[in-house]
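Below: entry-v4.cif (mmCIF, C-alpha atoms)
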```cif
data_final
#
loop_
_atom_site.label_atom_id
_atom_site.label_comp_id
_atom_site.auth_asym_id
_atom_site.auth_seq_id
_atom_site.Cartn_x
_atom_site.Cartn_y
_atom_site.Cartn_z
CA MET F 168 -12.58 32.07 -42.76
CA ASN F 169 -9.79 32.63 -40.26
CA PHE F 170 -9.02 35.93 -41.94
CA ILE F 171 -12.61 37.05 -41.39
CA LEU F 172 -12.65 35.92 -37.75
CA ASP F 173 -9.39 37.75 -37.09
CA TYR F 174 -10.76 41.10 -38.24
CA TYR F 175 -14.53 40.76 -37.84
CA ASN F 176 -14.64 42.70 -34.55
CA TYR F 177 -12.64 45.59 -35.98
CA TRP F 178 -14.81 45.79 -39.09
CA ILE F 179 -17.98 45.91 -37.03
CA VAL F 180 -16.37 48.62 -34.92
CA VAL F 181 -15.63 50.64 -38.06
CA PHE F 182 -19.19 50.09 -39.28
CA LEU F 183 -20.67 51.29 -35.97
CA MET F 184 -18.33 54.23 -35.91
CA MET F 185 -19.38 55.27 -39.39
CA THR F 186 -23.06 54.81 -38.51
CA GLY F 187 -22.65 57.11 -35.54
CA PHE F 188 -20.67 59.58 -37.62
CA TYR F 189 -23.34 59.57 -40.33
CA ILE F 190 -26.08 60.26 -37.77
CA VAL F 191 -24.07 63.12 -36.28
CA ILE F 192 -23.46 64.89 -39.59
CA SER F 193 -26.74 64.16 -41.35
CA ALA F 194 -29.39 64.27 -38.61
CA ASN F 195 -31.44 67.41 -38.32
CA ASN F 196 -32.68 66.85 -34.79
CA LEU F 197 -30.24 67.60 -31.98
CA VAL F 198 -31.39 64.74 -29.73
CA LYS F 199 -30.72 62.34 -32.58
CA LYS F 200 -27.27 63.83 -33.00
CA ILE F 201 -26.55 63.03 -29.35
CA VAL F 202 -27.71 59.44 -29.92
CA GLY F 203 -25.32 59.31 -32.88
CA LEU F 204 -22.46 60.57 -30.74
CA ASN F 205 -23.22 57.86 -28.21
CA VAL F 206 -23.22 55.18 -30.91
CA PHE F 207 -19.85 56.49 -32.07
CA GLN F 208 -18.56 56.47 -28.50
CA THR F 209 -19.69 52.90 -27.83
CA SER F 210 -17.90 51.74 -30.98
CA VAL F 211 -14.65 53.12 -29.57
CA PHE F 212 -15.32 51.21 -26.33
CA MET F 213 -15.85 48.08 -28.41
CA LEU F 214 -12.50 48.61 -30.16
CA TYR F 215 -10.61 48.85 -26.87
CA ILE F 216 -12.30 45.83 -25.32
CA SER F 217 -11.75 43.78 -28.49
CA MET F 218 -8.05 44.57 -28.34
CA GLY F 219 -7.92 43.50 -24.68
CA LYS F 220 -9.44 40.08 -25.33
CA VAL F 221 -7.15 37.05 -25.21
CA SER F 222 -8.53 33.90 -26.85
CA GLY F 223 -8.95 31.18 -24.24
CA GLY F 224 -8.42 33.71 -21.45
CA THR F 225 -10.88 34.57 -18.73
CA ALA F 226 -12.11 37.72 -16.99
CA PRO F 227 -9.26 39.38 -15.04
CA ILE F 228 -10.38 38.23 -11.61
CA LEU F 229 -7.88 35.96 -9.87
CA VAL F 230 -8.99 32.32 -9.78
CA GLU F 231 -6.98 29.32 -8.53
CA GLY F 232 -5.46 27.36 -11.36
CA VAL F 233 -6.05 29.90 -14.16
CA THR F 234 -3.03 31.56 -15.72
CA LEU F 235 -4.41 33.15 -18.89
CA TYR F 236 -6.37 36.37 -18.28
CA SER F 237 -7.63 39.03 -20.65
CA ASN F 238 -5.90 42.39 -20.46
CA PRO F 239 -7.33 44.41 -17.52
CA LEU F 240 -5.96 47.79 -18.66
CA PRO F 241 -8.46 48.51 -21.48
CA HIS F 242 -11.25 47.50 -19.10
CA VAL F 243 -10.18 50.15 -16.60
CA LEU F 244 -9.90 52.86 -19.25
CA ILE F 245 -13.31 52.09 -20.74
CA LEU F 246 -15.10 51.64 -17.41
CA THR F 247 -14.35 55.20 -16.41
CA ALA F 248 -14.93 56.44 -19.96
CA ILE F 249 -18.50 55.12 -19.89
CA VAL F 250 -19.36 57.03 -16.72
CA VAL F 251 -17.70 60.20 -17.99
CA GLY F 252 -19.54 59.64 -21.28
CA VAL F 253 -22.96 59.69 -19.64
CA ALA F 254 -22.00 62.78 -17.65
CA THR F 255 -21.02 64.66 -20.81
CA THR F 256 -24.13 63.39 -22.57
CA ALA F 257 -26.16 64.90 -19.75
CA VAL F 258 -24.48 68.28 -20.32
CA GLY F 259 -25.23 68.01 -24.05
CA LEU F 260 -28.86 67.19 -23.39
CA SER F 261 -29.27 70.08 -21.00
CA LEU F 262 -27.82 72.40 -23.63
CA ILE F 263 -30.50 71.09 -25.98
CA VAL F 264 -33.17 71.87 -23.40
CA ARG F 265 -31.87 75.44 -23.20
CA ILE F 266 -31.77 75.72 -27.00
CA LYS F 267 -35.38 74.56 -27.11
CA ARG F 268 -36.30 77.31 -24.62
CA ALA F 269 -34.40 80.03 -26.50
CA TYR F 270 -35.36 79.12 -30.07
CA GLY F 271 -38.50 77.05 -29.61
CA THR F 272 -37.11 74.26 -31.74
CA VAL F 273 -34.38 71.65 -31.78
CA GLU F 274 -34.30 71.16 -35.55
CA GLU F 275 -31.16 72.54 -37.11
CA ASN F 276 -32.69 73.95 -40.30
CA GLU F 277 -35.39 75.76 -38.32
CA PHE F 278 -33.18 77.92 -36.14
CA LYS F 279 -31.09 78.76 -39.13
CA ASN F 280 -34.19 80.41 -40.60
CA GLN F 281 -34.80 82.15 -37.27
CA ASP F 282 -31.34 83.66 -37.29
CA ASP F 283 -32.08 85.07 -40.74
CA ALA F 284 -35.30 86.60 -39.43
CA ILE F 285 -33.43 88.32 -36.59
CA MET C 195 -18.71 28.82 -29.19
CA GLY C 196 -17.56 32.16 -27.78
CA GLU C 197 -16.63 33.33 -31.28
CA PHE C 198 -20.02 32.33 -32.61
CA ILE C 199 -21.86 34.31 -29.92
CA ASP C 200 -19.56 37.22 -30.69
CA LEU C 201 -20.43 37.04 -34.41
CA VAL C 202 -24.18 36.99 -33.80
CA LEU C 203 -24.22 39.74 -31.15
CA LEU C 204 -22.03 42.07 -33.18
CA ALA C 205 -24.26 41.57 -36.22
CA MET C 206 -27.31 42.41 -34.10
CA LEU C 207 -25.52 45.50 -32.82
CA ALA C 208 -24.76 46.64 -36.36
CA LEU C 209 -28.40 46.14 -37.40
CA THR C 210 -29.65 48.11 -34.39
CA ALA C 211 -27.31 50.98 -35.20
CA LEU C 212 -28.40 50.94 -38.83
CA ARG C 213 -32.06 51.09 -37.84
CA ILE C 214 -31.45 54.19 -35.71
CA ILE C 215 -30.53 56.15 -38.85
CA PHE C 216 -33.85 55.65 -40.58
CA LEU C 217 -36.31 56.04 -37.71
CA LYS C 218 -38.15 59.35 -37.49
CA ASP C 219 -39.84 58.61 -34.16
CA LEU C 220 -37.32 59.77 -31.55
CA PHE C 221 -38.96 57.77 -28.78
CA ALA C 222 -38.20 54.63 -30.79
CA VAL C 223 -34.67 55.91 -31.46
CA VAL C 224 -34.02 56.27 -27.72
CA MET C 225 -35.48 52.82 -27.01
CA LEU C 226 -33.29 51.32 -29.74
CA PHE C 227 -30.33 53.07 -28.17
CA GLY C 228 -31.20 51.30 -24.89
CA ILE C 229 -31.23 47.98 -26.74
CA TYR C 230 -27.94 48.93 -28.37
CA SER C 231 -26.40 49.52 -24.94
CA PHE C 232 -27.65 46.22 -23.59
CA LEU C 233 -26.30 44.37 -26.61
CA SER C 234 -22.92 46.01 -26.14
CA ALA C 235 -23.00 44.98 -22.47
CA LEU C 236 -23.56 41.38 -23.57
CA ILE C 237 -20.64 41.61 -25.99
CA PHE C 238 -18.45 43.01 -23.22
CA VAL C 239 -19.28 39.98 -21.06
CA ASN C 240 -18.37 37.73 -23.95
CA LEU C 241 -15.07 39.56 -24.34
CA ASP C 242 -14.24 39.01 -20.64
CA ALA C 243 -14.81 42.64 -19.63
CA VAL C 244 -17.29 41.96 -16.85
CA ASP C 245 -16.74 45.24 -15.01
CA VAL C 246 -17.25 47.20 -18.20
CA ALA C 247 -20.39 45.23 -19.04
CA PHE C 248 -21.77 46.01 -15.62
CA THR C 249 -21.15 49.72 -16.12
CA GLU C 250 -22.53 49.80 -19.64
CA ALA C 251 -25.74 48.00 -18.60
CA SER C 252 -26.42 50.35 -15.68
CA VAL C 253 -25.16 53.61 -17.20
CA GLY C 254 -25.67 53.27 -20.94
CA ALA C 255 -28.94 51.43 -20.90
CA GLY C 256 -30.28 52.87 -17.64
CA ILE C 257 -29.31 56.47 -16.97
CA SER C 258 -28.64 57.63 -20.57
CA THR C 259 -32.02 56.34 -21.71
CA VAL C 260 -33.83 58.04 -18.84
CA LEU C 261 -32.06 61.35 -19.50
CA MET C 262 -32.81 61.19 -23.23
CA LEU C 263 -36.47 60.45 -22.53
CA GLY C 264 -36.48 63.40 -20.14
CA THR C 265 -35.17 65.61 -22.93
CA LEU C 266 -37.71 64.25 -25.40
CA ALA C 267 -40.49 65.16 -22.98
CA LEU C 268 -39.37 68.77 -23.38
CA THR C 269 -38.49 68.86 -27.06
CA GLY C 270 -41.09 66.63 -28.71
CA ARG C 271 -40.81 63.10 -30.02
CA LYS C 272 -41.02 63.56 -33.78
CA GLU C 273 -38.08 64.39 -35.96
CA LYS C 274 -39.18 66.86 -38.62
CA GLU C 275 -38.44 66.72 -42.32
CA ASN C 276 -34.74 66.73 -43.04
CA THR C 277 -33.78 69.28 -45.69
CA HIS C 278 -30.11 68.32 -45.69
CA SER C 279 -28.91 66.45 -48.71
CA SER C 280 -27.75 63.03 -47.60
CA ILE C 281 -25.31 62.43 -50.45
CA LEU C 282 -22.40 64.45 -49.12
CA PRO C 283 -22.49 62.93 -45.60
CA LEU C 284 -22.77 59.46 -47.14
CA LEU C 285 -19.75 60.14 -49.32
CA VAL C 286 -17.68 61.43 -46.37
CA VAL C 287 -18.69 58.45 -44.24
CA CYS C 288 -17.89 55.92 -46.98
CA ILE C 289 -14.46 57.38 -47.65
CA THR C 290 -13.59 57.57 -43.92
CA GLY C 291 -14.92 54.05 -43.40
CA ALA C 292 -12.88 52.66 -46.30
CA ALA C 293 -9.74 54.30 -44.93
CA LEU C 294 -10.42 52.86 -41.47
CA ILE C 295 -11.08 49.35 -42.86
CA TYR C 296 -7.79 49.61 -44.74
CA GLY C 297 -6.20 50.61 -41.42
CA THR C 298 -7.62 47.58 -39.57
CA LEU C 299 -5.76 45.24 -41.93
CA ASP C 300 -2.55 46.31 -40.22
CA MET C 301 -3.97 45.51 -36.79
CA PRO C 302 -2.72 42.37 -35.04
CA PRO C 303 -5.29 39.55 -35.37
CA PHE C 304 -8.08 39.49 -32.79
CA GLY C 305 -7.46 37.57 -29.57
CA HIS C 306 -3.86 36.43 -29.99
CA PRO C 307 -2.07 36.27 -26.61
CA ASP C 308 1.17 37.74 -28.02
CA ASN C 309 -0.38 40.89 -29.50
CA PRO C 310 1.57 44.08 -28.70
CA VAL C 311 -1.22 45.28 -26.37
CA HIS C 312 -0.56 42.42 -23.98
CA GLU C 313 3.23 42.86 -23.90
CA HIS C 314 3.83 46.06 -21.97
CA VAL C 315 2.24 46.77 -18.56
CA ALA C 316 -0.56 44.21 -18.55
CA PRO C 317 1.60 41.19 -17.57
CA ARG C 318 2.87 43.11 -14.58
CA TYR C 319 -0.68 43.98 -13.48
CA ILE C 320 -1.78 40.37 -13.92
CA GLU C 321 1.20 38.81 -12.14
CA GLU C 322 2.02 41.33 -9.42
CA SER C 323 -1.25 43.03 -8.48
CA PRO C 324 -2.72 40.10 -6.49
CA LYS C 325 0.44 40.11 -4.34
CA GLU C 326 1.04 43.88 -4.22
CA ILE C 327 -2.54 45.01 -3.70
CA GLY C 328 -3.99 41.80 -2.32
CA LEU C 329 -7.22 41.93 -4.35
CA PRO C 330 -8.44 39.23 -6.71
CA ASN C 331 -10.14 41.71 -9.06
CA MET C 332 -7.32 43.17 -11.13
CA VAL C 333 -9.56 45.79 -12.71
CA THR C 334 -10.24 47.29 -9.27
CA SER C 335 -6.53 47.16 -8.40
CA VAL C 336 -5.55 49.04 -11.55
CA LEU C 337 -8.49 51.44 -11.36
CA ALA C 338 -8.16 52.41 -7.73
CA SER C 339 -4.48 51.99 -7.00
CA TYR C 340 -2.09 51.93 -9.98
CA ARG C 341 -4.13 54.47 -11.90
CA GLY C 342 -5.72 56.13 -8.88
CA PHE C 343 -4.77 59.60 -10.05
CA ASP C 344 -6.53 59.00 -13.35
CA THR C 345 -9.67 57.85 -11.57
CA LEU C 346 -9.58 60.93 -9.34
CA GLY C 347 -9.59 63.02 -12.51
CA GLU C 348 -12.55 61.12 -13.89
CA THR C 349 -14.50 61.56 -10.66
CA VAL C 350 -13.84 65.29 -10.89
CA VAL C 351 -15.15 65.25 -14.49
CA VAL C 352 -18.40 63.64 -13.33
CA PHE C 353 -18.66 66.28 -10.58
CA ALA C 354 -17.96 69.05 -13.10
CA ALA C 355 -20.59 67.69 -15.48
CA ALA C 356 -23.16 67.76 -12.67
CA ILE C 357 -22.22 71.39 -11.98
CA GLY C 358 -22.59 72.12 -15.70
CA VAL C 359 -26.06 70.63 -15.87
CA LEU C 360 -27.16 72.46 -12.73
CA ALA C 361 -25.80 75.72 -14.14
CA LEU C 362 -27.74 75.21 -17.37
CA LEU C 363 -31.01 73.93 -15.98
CA GLY C 364 -31.19 75.36 -12.47
CA THR C 365 -30.66 73.49 -9.25
CA GLY C 366 -33.99 71.71 -9.23
CA ARG C 367 -35.28 73.73 -6.32
CA LYS C 368 -38.53 72.65 -4.81
CA GLU C 369 -41.50 74.25 -6.52
CA ASP C 370 -44.52 75.64 -4.66
CA ASP C 371 -47.05 73.21 -3.33
CA GLU C 372 -49.40 74.40 -6.04
CA ALA C 373 -47.29 72.66 -8.65
CA PRO C 374 -49.29 69.84 -10.20
CA GLU C 375 -48.82 66.48 -8.52
CA SER C 376 -46.80 64.30 -10.80
CA GLY C 377 -46.05 60.64 -10.82
CA LEU C 378 -48.04 57.64 -11.84
CA LYS C 379 -50.57 58.06 -9.05
CA SER C 380 -53.27 55.71 -10.21
CA HIS C 381 -51.10 52.71 -10.99
CA HIS C 382 -51.36 50.57 -7.88
CA VAL C 383 -49.39 47.69 -9.37
CA LEU C 384 -46.47 50.00 -10.09
CA HIS C 385 -46.59 51.40 -6.55
CA VAL C 386 -46.48 47.99 -4.91
CA VAL C 387 -43.81 46.62 -7.23
CA ALA C 388 -41.67 49.75 -6.88
CA LYS C 389 -41.88 49.57 -3.08
CA ILE C 390 -40.58 46.01 -3.22
CA ILE C 391 -37.86 46.68 -5.79
CA ILE C 392 -36.39 49.92 -4.40
CA PRO C 393 -34.95 48.55 -1.12
CA LEU C 394 -33.55 45.53 -2.93
CA THR C 395 -31.91 47.81 -5.52
CA ILE C 396 -30.26 49.87 -2.79
CA LEU C 397 -29.10 46.71 -1.03
CA PHE C 398 -27.65 45.49 -4.31
CA ALA C 399 -25.90 48.82 -4.82
CA LEU C 400 -24.25 48.46 -1.41
CA TYR C 401 -23.19 44.92 -2.27
CA VAL C 402 -21.67 46.10 -5.56
CA GLN C 403 -19.92 48.93 -3.71
CA PHE C 404 -18.24 46.81 -1.07
CA HIS C 405 -17.79 43.59 -3.01
CA GLY C 406 -16.15 45.37 -5.95
CA ASP C 407 -12.70 44.44 -4.65
CA PHE C 408 -13.45 40.74 -5.05
CA GLY C 409 -15.84 40.48 -7.98
CA PRO C 410 -17.08 42.75 -10.74
CA GLY C 411 -18.33 46.08 -9.45
CA GLY C 412 -17.09 49.13 -7.60
CA GLY C 413 -17.93 52.72 -6.86
CA PHE C 414 -18.94 53.79 -10.37
CA GLN C 415 -21.48 51.00 -10.83
CA ALA C 416 -22.77 51.17 -7.26
CA GLY C 417 -23.36 54.91 -7.46
CA VAL C 418 -25.35 54.55 -10.67
CA ILE C 419 -27.43 51.65 -9.35
CA ALA C 420 -28.28 53.54 -6.15
CA ALA C 421 -29.24 56.57 -8.25
CA ALA C 422 -31.43 54.30 -10.40
CA ALA C 423 -33.35 53.25 -7.28
CA PHE C 424 -34.17 56.90 -6.49
CA ILE C 425 -34.97 57.63 -10.13
CA LEU C 426 -37.52 54.81 -10.03
CA TYR C 427 -38.95 56.31 -6.84
CA THR C 428 -39.22 59.72 -8.52
CA LEU C 429 -40.88 58.30 -11.62
CA VAL C 430 -43.51 56.40 -9.66
CA PHE C 431 -44.19 58.70 -6.69
CA GLY C 432 -43.38 62.12 -8.10
CA LEU C 433 -40.53 64.59 -7.84
CA SER C 434 -41.62 66.46 -4.72
CA LYS C 435 -41.87 63.29 -2.63
CA SER C 436 -38.47 62.18 -3.81
CA MET C 437 -37.01 65.57 -2.90
CA ASP C 438 -38.43 65.16 0.61
CA VAL C 439 -36.46 61.94 0.95
CA ILE C 440 -33.20 63.32 -0.39
CA GLY C 441 -33.03 66.99 -1.24
CA PRO C 442 -31.02 68.70 -4.00
CA LYS C 443 -28.99 70.71 -1.48
CA PHE C 444 -27.92 67.53 0.29
CA LEU C 445 -26.98 65.96 -3.06
CA GLN C 446 -24.76 68.90 -3.93
CA PHE C 447 -23.06 68.50 -0.58
CA MET C 448 -22.61 64.76 -1.20
CA ALA C 449 -21.19 65.23 -4.71
CA SER C 450 -18.42 67.47 -3.45
CA PHE C 451 -17.92 65.35 -0.32
CA GLY C 452 -17.10 62.27 -2.44
CA VAL C 453 -14.43 64.09 -4.44
CA LEU C 454 -12.95 65.58 -1.28
CA LEU C 455 -12.92 62.19 0.44
CA TYR C 456 -10.98 60.76 -2.49
CA ALA C 457 -8.50 63.62 -2.61
CA SER C 458 -8.02 63.65 1.16
CA VAL C 459 -6.90 60.00 1.07
CA GLY C 460 -4.19 61.18 -1.32
CA LEU C 461 -3.21 64.04 0.96
CA TYR C 462 -3.19 61.77 4.01
CA SER C 463 -0.81 59.34 2.30
CA MET C 464 1.47 62.33 1.57
CA TYR C 465 1.26 63.31 5.23
CA LYS C 466 2.29 59.76 6.11
CA GLY C 467 5.43 60.16 4.02
CA GLY C 468 4.38 58.52 0.77
CA GLN C 469 3.43 59.97 -2.60
CA PHE C 470 -0.02 61.31 -3.49
CA LEU C 471 -2.48 58.38 -3.42
CA ASP C 472 0.17 55.89 -2.30
CA TYR C 473 -2.02 53.73 -0.07
CA SER C 474 0.85 51.50 1.13
CA LYS C 475 1.63 54.13 3.75
CA LEU C 476 -1.88 54.13 5.24
CA ALA C 477 -1.19 51.14 7.51
CA VAL C 478 1.86 49.39 8.91
CA ASP C 479 1.37 46.48 6.49
CA PRO C 480 1.47 47.85 2.91
CA VAL C 481 -1.11 45.37 1.59
CA ALA C 482 -3.55 46.25 4.37
CA GLY C 483 -2.91 49.92 3.62
CA GLN C 484 -3.78 49.35 -0.04
CA HIS C 485 -6.99 47.68 1.07
CA TYR C 486 -8.06 50.58 3.32
CA GLY C 487 -7.20 53.10 0.64
CA ILE C 488 -9.18 51.33 -2.06
CA ILE C 489 -12.26 50.91 0.14
CA ILE C 490 -12.27 54.62 1.02
CA ILE C 491 -11.67 55.97 -2.46
CA GLU C 492 -14.27 53.60 -3.97
CA LEU C 493 -16.69 54.97 -1.39
CA GLY C 494 -15.79 58.50 -2.47
CA VAL C 495 -16.36 57.59 -6.13
CA GLY C 496 -19.66 55.91 -5.30
CA ILE C 497 -20.96 58.91 -3.33
CA THR C 498 -19.98 61.42 -6.03
CA VAL C 499 -21.40 59.36 -8.90
CA PHE C 500 -24.64 58.74 -7.00
CA ALA C 501 -25.11 62.39 -6.10
CA ALA C 502 -24.10 63.66 -9.55
CA MET C 503 -26.42 61.30 -11.42
CA LEU C 504 -29.35 61.98 -9.13
CA SER C 505 -28.95 65.76 -9.21
CA ILE C 506 -28.70 65.65 -13.03
CA PHE C 507 -31.93 63.66 -13.08
CA TYR C 508 -33.60 66.08 -10.65
CA ALA C 509 -32.60 69.00 -12.87
CA PHE C 510 -34.14 67.34 -15.94
CA SER C 511 -37.34 66.24 -14.26
CA SER C 512 -37.96 69.60 -12.56
CA GLN C 513 -37.74 71.14 -16.04
CA ALA C 514 -40.36 68.70 -17.29
CA GLU C 515 -42.57 69.49 -14.32
CA ARG C 516 -42.34 73.23 -14.90
CA SER C 517 -43.50 72.79 -18.50
CA ASN C 518 -46.37 70.58 -17.28
CA ILE C 519 -45.36 67.65 -19.43
CA GLN C 520 -45.35 64.41 -17.58
#
```

With the file now loaded, output its structure as C-alpha cells.
Amino acid sequence: MNFILDYYNYWIVVFLMMTGFYIVISANNLVKKIVGLNVFQTSVFMLYISMGKVSGGTAPILVEGVTLYSNPLPHVLILTAIVVGVATTAVGLSLIVRIKRAYGTVEENEFKNQDDAI
Amino acid sequence: MGEFIDLVLLAMLALTALRIIFLKDLFAVVMLFGIYSFLSALIFVNLDAVDVAFTEASVGAGISTVLMLGTLALTGRKEKENTHSSILPLLVVCITGAALIYGTLDMPPFGHPDNPVHEHVAPRYIEESPKEIGLPNMVTSVLASYRGFDTLGETVVVFAAAIGVLALLGTGRKEDDEAPESGLKSHHVLHVVAKIIIPLTILFALYVQFHGDFGPGGGFQAGVIAAAAFILYTLVFGLSKSMDVIGPKFLQFMASFGVLLYASVGLYSMYKGGQFLDYSKLAVDPVAGQHYGIIIIELGVGITVFAAMLSIFYAFSSQAERSNIQ
C-alpha cells in the first residue's frame, strides 16, 4: 500500500500525459488537438507540484510557529508557466481561425484532400 | 486525510481526461477541459501550491475555456469522422507510457522531506527570504525578486503572444455602427447580475494585486481576474460597448507599458549602483527597497497580463462578430 501511495501521483501524471499525447496524435480536429496539448501541459504542472510537496508541510507562506513548508520553487516555475501556456494556446487557436478561413475546414484529413486538388 | 483527497481527485482527473478522448461534441470537450482545470486547481491546493491553484482556476478554467469557445464559434462544434487508424497512436502511447512508468520507479517517494528537490536552493528561500525580502509569501519573494529576471522574460512572452494573436486576427478595430448588435440583450437577469458582479470582480482583482505579497495572489492572477470582469461585460453587453469603455488602442499601450515599467525598475536599480533588478538599492533600507521593487514590478506584470488577455479576447470576439456568429 505504501508503495502505491509513494508513486500514485507520478503514475497519474504519466497517465494524463499519455492521454494528452494520444489526443494530439490521433485527433482529427485541430481544436481537439489544442485541448490535448493543454491536458499534456497540465500533467507536467502536476508532476512539478507533486515533487514540491512535503508531507506534513504547509503552503509556503510564513506563519508563526510553523517550520515545515512545501518547496516554493516549483510553485514559482509553474505559476508563470500556466500564464505563458494560455498565451501560447491563444496563438495556436488564432492560427486555427486563420486555417479555417484559408481552407474552410479544421479537420486534418479534409485539407489534405484539398492540397491534392490544388 | 490529505492523501485520501489526493487519491480521489487524481482519479477524477484521470477519468475526465479519458472522457475527452471519446467525445465527438467539441463543446462538451471544452467544458470537460474547464472541469479538468478546476480539478487540477483543487489538487494544487491539496498539494500546498495555493498560488498555482489560484492561477490555474482563473487562467486554465476561465480564460482558456472562453478562448476555445470563441474558436468553436468560428470553426463549428462537431468533430467529423476520423479516418486515422487509432492502432498506431495507441501503440506509441502505450510504449512511451510504459517507459515513463518504469522511469517513475527511480523517482524519490512522494512527499518525503529529504528528497533531492528540497535539498538545494529551497531551504535558503524558506529560511532567508522572510528576512531578506521581508514578505511572508515566499512564492512572491522568489517570483518577483530572486527570479525577477525570469519573470520579466515570462511577461515579455505574454506580451509577444498578444502581438502574435493581433497579427493573425487583426487588432479588433471597431466595426461600423451597422454591425449587428451583439450580446445577450434580452436577458434582464444576466444584465442585473453582471452589473453587480463586475465591480466586485474588479475590486477583488485589485485586492489580489496588492495583497499578493502577504497571501496567495500577485500580478499574474490579478491581471487575469480583471480581464475576466471585462470579458463578462463584453459577453453580456456586446463588443462595441465594451470597446467604448476600454479601447483596443489603449490596451496595446497598456500591454507595452507594463513590460516597460518592469524593465525600467531594473534599469533604475542599475542607475542606483546595483545589478539589473536588484531592488535592495531602491531605498536606503534594503528590505524597504525590495518591497517597493516588488510592488512596482507586480503592477507591471498585472497591467501587461490584463491588457494582453483582454486584447486577445477582443481579437477573437471581433472575428466572431464579423462572421455573424454569436

Considering only C-alpha atoms, tabulate each residue of chain F that lies at most 6 Å from chain C along with its nearest interatomic pair and the corresponding distance in Å to one decimal; arrange the rows by chain and ascending residue number and present them as a tab-separated table.
```
residue	atom	partner	partner_atom	distance
F:Asp173	CA	C:Pro303	CA	4.8
F:Met185	CA	C:Val287	CA	5.8
F:Asn195	CA	C:Asn276	CA	5.8
F:Lys220	CA	C:Gly305	CA	5.3
F:Val221	CA	C:Gly305	CA	4.4
F:Ser222	CA	C:Gly305	CA	4.7
F:Thr225	CA	C:Asp242	CA	5.9
F:Ala226	CA	C:Asp242	CA	4.4
F:Pro227	CA	C:Met332	CA	5.8
F:Ile228	CA	C:Asn331	CA	4.3
F:Leu229	CA	C:Pro330	CA	4.6
F:Asn238	CA	C:Ala316	CA	6.0
F:Pro239	CA	C:Val333	CA	5.5
F:Val243	CA	C:Leu337	CA	5.7
F:Leu246	CA	C:Val246	CA	5.0
F:Val251	CA	C:Val352	CA	5.8
F:Ala254	CA	C:Ala355	CA	5.6
F:Val258	CA	C:Val359	CA	5.3
```

Self-check item: Between CA of Tyr462 (chain C) and CA of Tyr401 (chain C), distance in Å (one decimal)
Solution: 26.9 Å

Exercise. Please evaluate the PyMOL selection byres ((chain F and resi 235) around 7) against the displayed coordinates and give the resulting residues as number ranges by chain.
Key: F: 224-225, 233-234, 236-237

Quiz item: Using all atoms listed in the file, which of the listed residues (F:Val273, F:Val250, F:Leu183, F:Ile263) sits closest to Val211 (chain F)?
Solution: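 Among the listed residues, F:Leu183 lies closest to Val211 (chain F).
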
Quiz item: Skipping near chain neighbours, those fewer than 4 positions away, what residues fall within 10 Å of Ser380 (chain C) using only C-alpha atoms, listed as a list in words?
Solution: Leu384, His385 and Val430 of chain C

Chain and number of each residue from the PyMOL selection byres ((chain F and resi 190) around 8), as a short mmCIF file (atom, residue, chain, number, x, y, z; two decimals) with C-alpha atoms, in the frame of the given file:
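Result file is expr-v3.cif:
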```
data_model
loop_
_atom_site.label_atom_id
_atom_site.label_comp_id
_atom_site.auth_asym_id
_atom_site.auth_seq_id
_atom_site.Cartn_x
_atom_site.Cartn_y
_atom_site.Cartn_z
CA THR F 186 -23.06 54.81 -38.51
CA GLY F 187 -22.65 57.11 -35.54
CA PHE F 188 -20.67 59.58 -37.62
CA TYR F 189 -23.34 59.57 -40.33
CA VAL F 191 -24.07 63.12 -36.28
CA ILE F 192 -23.46 64.89 -39.59
CA SER F 193 -26.74 64.16 -41.35
CA ALA F 194 -29.39 64.27 -38.61
CA LYS F 199 -30.72 62.34 -32.58
CA LYS F 200 -27.27 63.83 -33.00
CA GLY F 203 -25.32 59.31 -32.88
CA LEU F 204 -22.46 60.57 -30.74
CA ILE C 215 -30.53 56.15 -38.85
#
```

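From CA of Asp479 (chain C) back to CA of Gly232 (chain F), the distance works out to 27.0 Å.
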
Practice problem: Work out how far CA of Leu429 (chain C) is from CA of Val386 (chain C), in Å to one decimal. | Solution: 13.5 Å

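Among the candidates C:Ala423, C:Val495, C:Ile396, C:Val383, the residue lying nearest to Val453 (chain C) is C:Val495 (atoms considered: all atoms listed in the file).
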
Quiz item: If I put a ball of radius 10 Å at (-22.8, 65.7, -25.5) in the file's coordinates, which residues poke into it when counting all atoms listed in the file, written as number ranges by chain?
Solution: F: 198, 200-202, 204-205, 252-263
